[in-house]
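In what follows, a single structure is set out as structure tokens and then discussed.
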Amino acid sequence: VGDDLCTMVHMISHRYATAHESPKDKLTYHSIVFLEWEHGKYCTVVEGAFLNGIGGYKGRSNWYDDKDEEVTALYKTLPAEMVSPWLTTAAELRCYDVEAKNLDEMKAFIDKYTSGPQKRFIDPRYTFSHVARLSYRSRSNIAHYLLNYIGRDCSYSELTRNCQTFAADLCSFLAGKKDVVPYHPVNRIEYHNRTHLFLYDSSMFTARKGGSLKGRIAK
């Protein structure tokens with residue numbers, strides 16, 4: 001496969017399946033970015049979420065069939081330093097290579113888990129699909145952009161800095177579209193496009209005075 005090129009970028013949003021949905025649950029959508037590659041052998045899910053969330057949750061990812069196994073394949077691959085309690089005030093970016101080779105196969109995977117005892121997703125929405133038009137869009141290029149983005153600002157906020165705002169930024173950046181917004185109207189209220197964070201080496205910026213993991217990094 002090598003350092004292949006991204007061909008398509010999609011935004012997918014859904015609510016989490018719970019035993020009893022609260023009013024807040026019914027307003028809470030998780031958004032991911034789904035990337036298709038030139039080789040056509042698999043695709044990649046990119047998501048923003050709580051720092052250490054996947055390690056703290058023992059590698060149980062909705063994007064793999066073995067989520068409910070006692071020990072998942074993902075958990076087996078995590079180094080010890082990535083297994084720790086999650087932080088709700090800080091964020092991380094996750095990339096999962098998945099078996100789906102295109103959007104239709106991903107839709108079939110999601111549909112498999114929208115009903116029955118293994119239900120994971122409620123009301124999946126597919127709101128953005130576009131050709132990836134960025135000139136430098138290889139796997140290594142995109143990995144570098146993601147490191148720049150999270151390195152500049154690793155904070156997490158339910159309203160202003162979350163999975164939906166990240167998904168809007170990445171879709172906008174890769175597709176070269178300026179009017180991409182978070183899925184839910186609530187997350188659009190204070191949304192500001194921050195695609196510039198993908199471009200610049202985060203190690204060349206310094207934290208504001210008194211800044212920390214919970215704070216933002218200076219421009």
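Residue names in the structure tokens use chain letters A, B, ... in the order shown, residue numbers from 1 in each chain, and ligand numbers from 1 in the order shown.
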
**Q.** DSSP strand (DSSP E or B) residues within region 22-160 of chain A, as a PyMOL selection string
**A.** chain A and resi 30-37+43-51+87-98+121-131+138+153+155+157

May I have a table of the residues of region 149-177 of chain A lying at most 10 Å from region 190-194 of chain A, giving each one's closest pair of atoms and their distance in Å to one decimal, counting only C-alpha atoms, ordered by chain and ascending residue number, as a tab-separated table?
```
residue	atom	partner	partner_atom	distance
A:Tyr149	CA	A:Arg194	CA	8.8
A:Leu159	CA	A:Glu190	CA	7.5
A:Thr160	CA	A:Glu190	CA	6.1
A:Arg161	CA	A:Tyr191	CA	8.3
A:Gln164	CA	A:Tyr191	CA	9.7
A:Thr165	CA	A:Tyr191	CA	6.9
A:Phe166	CA	A:Arg194	CA	8.6
A:Ala168	CA	A:Asn193	CA	7.8
A:Asp169	CA	A:Asn193	CA	6.0
A:Leu170	CA	A:Arg194	CA	9.1
A:Ser172	CA	A:Asn193	CA	8.5
A:Phe173	CA	A:Arg194	CA	9.1
```

Q: With a distance cut-off of 8 Å and only C-alpha atoms, select the neighbouring residues of region 72-77 of chain A, excluding the residue or stretch itself and same-chain residues fewer than 3 positions from it, and output the selection as a VMD selection string.
A: chain A and resid 55 58 to 60 66 to 69

Q) Could you pull the residues within 10 Å of Asp201 (chain A), counting only C-alpha atoms, minus those fewer than 6 positions along the same chain, as a count of residues only? A) 7

Q: Can you pull out every residue within 9 Å of His184 (chain A), counting only C-alpha atoms, but drop anything in the same chain fewer than 6 positions away, and send it as a VMD selection string?
A: chain A and resid 27 to 29 164

Contact table region 146-200 of chain A vs region 130-135 of chain A, cut-off 12 Å, shortest pair per residue, only C-alpha atoms, as a Markdown table:
```
| residue | atom | partner | partner_atom | distance |
| --- | --- | --- | --- | --- |
| A:Leu170 | CA | A:Ala132 | CA | 10.5 |
| A:Cys171 | CA | A:His130 | CA | 8.3 |
| A:Ser172 | CA | A:His130 | CA | 9.5 |
| A:Phe173 | CA | A:Leu134 | CA | 7.4 |
| A:Leu174 | CA | A:Ala132 | CA | 5.2 |
| A:Ala175 | CA | A:Ala132 | CA | 4.6 |
| A:Gly176 | CA | A:Arg133 | CA | 6.2 |
| A:Lys177 | CA | A:His130 | CA | 9.0 |
| A:Val180 | CA | A:His130 | CA | 11.0 |
| A:Phe198 | CA | A:Leu134 | CA | 12.0 |
| A:Leu199 | CA | A:Leu134 | CA | 11.7 |
```

**Q.** Backbone DSSP call of alpha helix (DSSP H) for region 4-116 of chain A, listed as an MDAnalysis selection string
**A.** chainID A and resid 53:56 73:77 103:112

Take the selection from the previous step and output its residues with all heavy atoms, as a tab-separated table (two decimals), in the first residue's frame.
```tsv
chain	number	residue	atom	x	y	z
A	53	GLY	N	-9.14	8.18	25.83
A	53	GLY	CA	-10.43	7.50	25.84
A	53	GLY	C	-10.37	6.07	25.35
A	53	GLY	O	-10.95	5.17	25.96
A	54	ILE	N	-9.66	5.82	24.26
A	54	ILE	CA	-9.64	4.47	23.71
A	54	ILE	C	-8.81	3.53	24.57
A	54	ILE	O	-9.15	2.35	24.74
A	54	ILE	CB	-9.16	4.46	22.24
A	54	ILE	CG1	-9.54	3.16	21.55
A	54	ILE	CG2	-7.66	4.70	22.15
A	54	ILE	CD1	-11.04	2.95	21.41
A	55	GLY	N	-7.75	4.04	25.17
A	55	GLY	CA	-6.95	3.20	26.08
A	55	GLY	C	-7.68	2.96	27.39
A	55	GLY	O	-7.72	1.85	27.91
A	56	GLY	N	-8.30	4.01	27.92
A	56	GLY	CA	-9.04	3.89	29.17
A	56	GLY	C	-10.25	2.99	29.04
A	56	GLY	O	-10.70	2.40	30.03
A	73	ALA	N	-8.58	-6.79	19.63
A	73	ALA	CA	-7.32	-6.76	18.89
A	73	ALA	C	-6.64	-5.41	19.04
A	73	ALA	O	-5.40	-5.33	19.15
A	73	ALA	CB	-7.57	-7.08	17.42
A	74	LEU	N	-7.43	-4.34	19.06
A	74	LEU	CA	-6.86	-3.01	19.22
A	74	LEU	C	-6.18	-2.86	20.58
A	74	LEU	O	-5.08	-2.31	20.68
A	74	LEU	CB	-7.96	-1.95	19.07
A	74	LEU	CG	-7.55	-0.48	19.23
A	74	LEU	CD1	-6.46	-0.10	18.23
A	74	LEU	CD2	-8.76	0.43	19.07
A	75	TYR	N	-6.83	-3.37	21.62
A	75	TYR	CA	-6.26	-3.26	22.97
A	75	TYR	C	-4.92	-3.98	23.06
A	75	TYR	O	-4.00	-3.51	23.74
A	75	TYR	CB	-7.24	-3.82	23.99
A	75	TYR	CG	-6.92	-3.50	25.43
A	75	TYR	CD1	-6.77	-2.18	25.85
A	75	TYR	CD2	-6.78	-4.51	26.37
A	75	TYR	CE1	-6.48	-1.88	27.16
A	75	TYR	CE2	-6.49	-4.21	27.70
A	75	TYR	CZ	-6.34	-2.90	28.09
A	75	TYR	OH	-6.05	-2.60	29.41
A	76	LYS	N	-4.80	-5.09	22.36
A	76	LYS	CA	-3.55	-5.85	22.39
A	76	LYS	C	-2.39	-5.08	21.79
A	76	LYS	O	-1.23	-5.31	22.12
A	76	LYS	CB	-3.72	-7.17	21.63
A	76	LYS	CG	-4.65	-8.16	22.30
A	76	LYS	CD	-4.83	-9.40	21.43
A	76	LYS	CE	-5.81	-10.39	22.05
A	76	LYS	NZ	-6.03	-11.57	21.17
A	77	THR	N	-2.69	-4.16	20.88
A	77	THR	CA	-1.63	-3.42	20.20
A	77	THR	C	-1.21	-2.15	20.93
A	77	THR	O	-0.18	-1.56	20.61
A	77	THR	CB	-2.07	-3.02	18.78
A	77	THR	OG1	-3.13	-2.05	18.86
A	77	THR	CG2	-2.55	-4.23	18.00
A	103	LEU	N	-17.43	4.07	0.86
A	103	LEU	CA	-18.52	4.58	1.70
A	103	LEU	C	-19.69	3.60	1.77
A	103	LEU	O	-20.29	3.43	2.83
A	103	LEU	CB	-18.99	5.93	1.19
A	103	LEU	CG	-20.09	6.61	2.02
A	103	LEU	CD1	-19.63	6.87	3.45
A	103	LEU	CD2	-20.53	7.92	1.36
A	104	ASP	N	-20.02	2.94	0.67
A	104	ASP	CA	-21.13	2.00	0.70
A	104	ASP	C	-20.87	0.86	1.68
A	104	ASP	O	-21.78	0.44	2.41
A	104	ASP	CB	-21.39	1.44	-0.70
A	104	ASP	CG	-22.05	2.44	-1.63
A	104	ASP	OD1	-22.67	3.40	-1.12
A	104	ASP	OD2	-21.94	2.28	-2.86
A	105	GLU	N	-19.65	0.36	1.70
A	105	GLU	CA	-19.33	-0.71	2.64
A	105	GLU	C	-19.34	-0.20	4.08
A	105	GLU	O	-19.72	-0.93	5.01
A	105	GLU	CB	-17.96	-1.32	2.30
A	105	GLU	CG	-17.97	-2.12	1.01
A	105	GLU	CD	-16.67	-2.88	0.78
A	105	GLU	OE1	-15.84	-2.96	1.71
A	105	GLU	OE2	-16.50	-3.42	-0.33
A	106	MET	N	-18.96	1.05	4.29
A	106	MET	CA	-19.01	1.62	5.63
A	106	MET	C	-20.46	1.78	6.09
A	106	MET	O	-20.80	1.52	7.25
A	106	MET	CB	-18.30	2.97	5.65
A	106	MET	CG	-18.15	3.55	7.06
A	106	MET	SD	-17.19	2.44	8.13
A	106	MET	CE	-16.99	3.47	9.58
A	107	LYS	N	-21.32	2.20	5.17
A	107	LYS	CA	-22.75	2.30	5.50
A	107	LYS	C	-23.31	0.94	5.89
A	107	LYS	O	-24.13	0.84	6.82
A	107	LYS	CB	-23.53	2.87	4.31
A	107	LYS	CG	-23.30	4.36	4.06
A	107	LYS	CD	-24.13	4.83	2.87
A	107	LYS	CE	-23.97	6.32	2.66
A	107	LYS	NZ	-24.77	6.81	1.49
A	108	ALA	N	-22.88	-0.11	5.21
A	108	ALA	CA	-23.35	-1.46	5.53
A	108	ALA	C	-22.88	-1.86	6.93
A	108	ALA	O	-23.64	-2.49	7.69
A	108	ALA	CB	-22.84	-2.45	4.49
A	109	PHE	N	-21.65	-1.51	7.28
A	109	PHE	CA	-21.14	-1.81	8.63
A	109	PHE	C	-21.97	-1.08	9.68
A	109	PHE	O	-22.37	-1.67	10.69
A	109	PHE	CB	-19.67	-1.40	8.74
A	109	PHE	CG	-19.10	-1.54	10.12
A	109	PHE	CD1	-18.55	-2.74	10.54
A	109	PHE	CD2	-19.11	-0.47	11.01
A	109	PHE	CE1	-18.03	-2.88	11.82
A	109	PHE	CE2	-18.60	-0.59	12.29
A	109	PHE	CZ	-18.05	-1.80	12.70
A	110	ILE	N	-22.23	0.20	9.46
A	110	ILE	CA	-23.01	0.99	10.42
A	110	ILE	C	-24.43	0.45	10.53
A	110	ILE	O	-24.97	0.31	11.64
A	110	ILE	CB	-22.99	2.47	10.03
A	110	ILE	CG1	-21.58	3.04	10.22
A	110	ILE	CG2	-24.00	3.27	10.85
A	110	ILE	CD1	-21.40	4.46	9.70
A	111	ASP	N	-25.03	0.09	9.39
A	111	ASP	CA	-26.39	-0.45	9.41
A	111	ASP	C	-26.48	-1.74	10.24
A	111	ASP	O	-27.49	-2.01	10.89
A	111	ASP	CB	-26.87	-0.74	7.98
A	111	ASP	CG	-27.19	0.53	7.21
A	111	ASP	OD1	-27.31	1.60	7.85
A	111	ASP	OD2	-27.31	0.45	5.97
A	112	LYS	N	-25.40	-2.51	10.22
A	112	LYS	CA	-25.37	-3.77	10.98
A	112	LYS	C	-25.51	-3.53	12.48
A	112	LYS	O	-26.00	-4.39	13.21
A	112	LYS	CB	-24.06	-4.51	10.67
A	112	LYS	CG	-23.93	-5.87	11.35
A	112	LYS	CD	-22.77	-6.66	10.80
A	112	LYS	CE	-21.43	-6.01	11.06
A	112	LYS	NZ	-20.29	-6.89	10.67
```

Q) Given the choices A:Ser203, A:Ala80, A:Ile122, A:Asn187, which gets closest to Glu21 (chain A) if the distance is worked out from only C-alpha atoms? A) A:Ile122

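Checking A:Arg120, A:Phe205, A:Asp3, A:Ala167 one by one against Trp63 (chain A), counting only C-alpha atoms, you find the shortest gap at A:Arg120.
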
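Taking CA of Tyr126 (chain A) and CA of His196 (chain A) as endpoints, the distance between them is 24.9 Å.
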
Q. For Ile32 (chain A), which residue out of A:Ser13, A:Thr206, A:Asn62, A:Ser115 is the nearest one, using only C-alpha atoms?
A. A:Ser13

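Using only C-alpha atoms, the shortest contact distance between Glu99 (chain A) and any of A:Cys43, A:Ala143, A:Met11, A:Met82 is found at A:Cys43.
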
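Residues with any atom within 8 Å of Tyr156 (chain A), counting only C-alpha atoms and excluding same-chain neighbours fewer than 2 positions away, are Ala49, Phe50, Thr88, Thr89, Ala90, Ala91, Cys154, Glu158, Thr160, Arg161, Asn162 and Lys214 of chain A.
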
Q: Select, from A:Leu146, A:Met8, A:Leu78, A:Cys163, the residue with the minimum atom-to-atom distance to Ser129 (chain A), counting only C-alpha atoms.
A: A:Met8
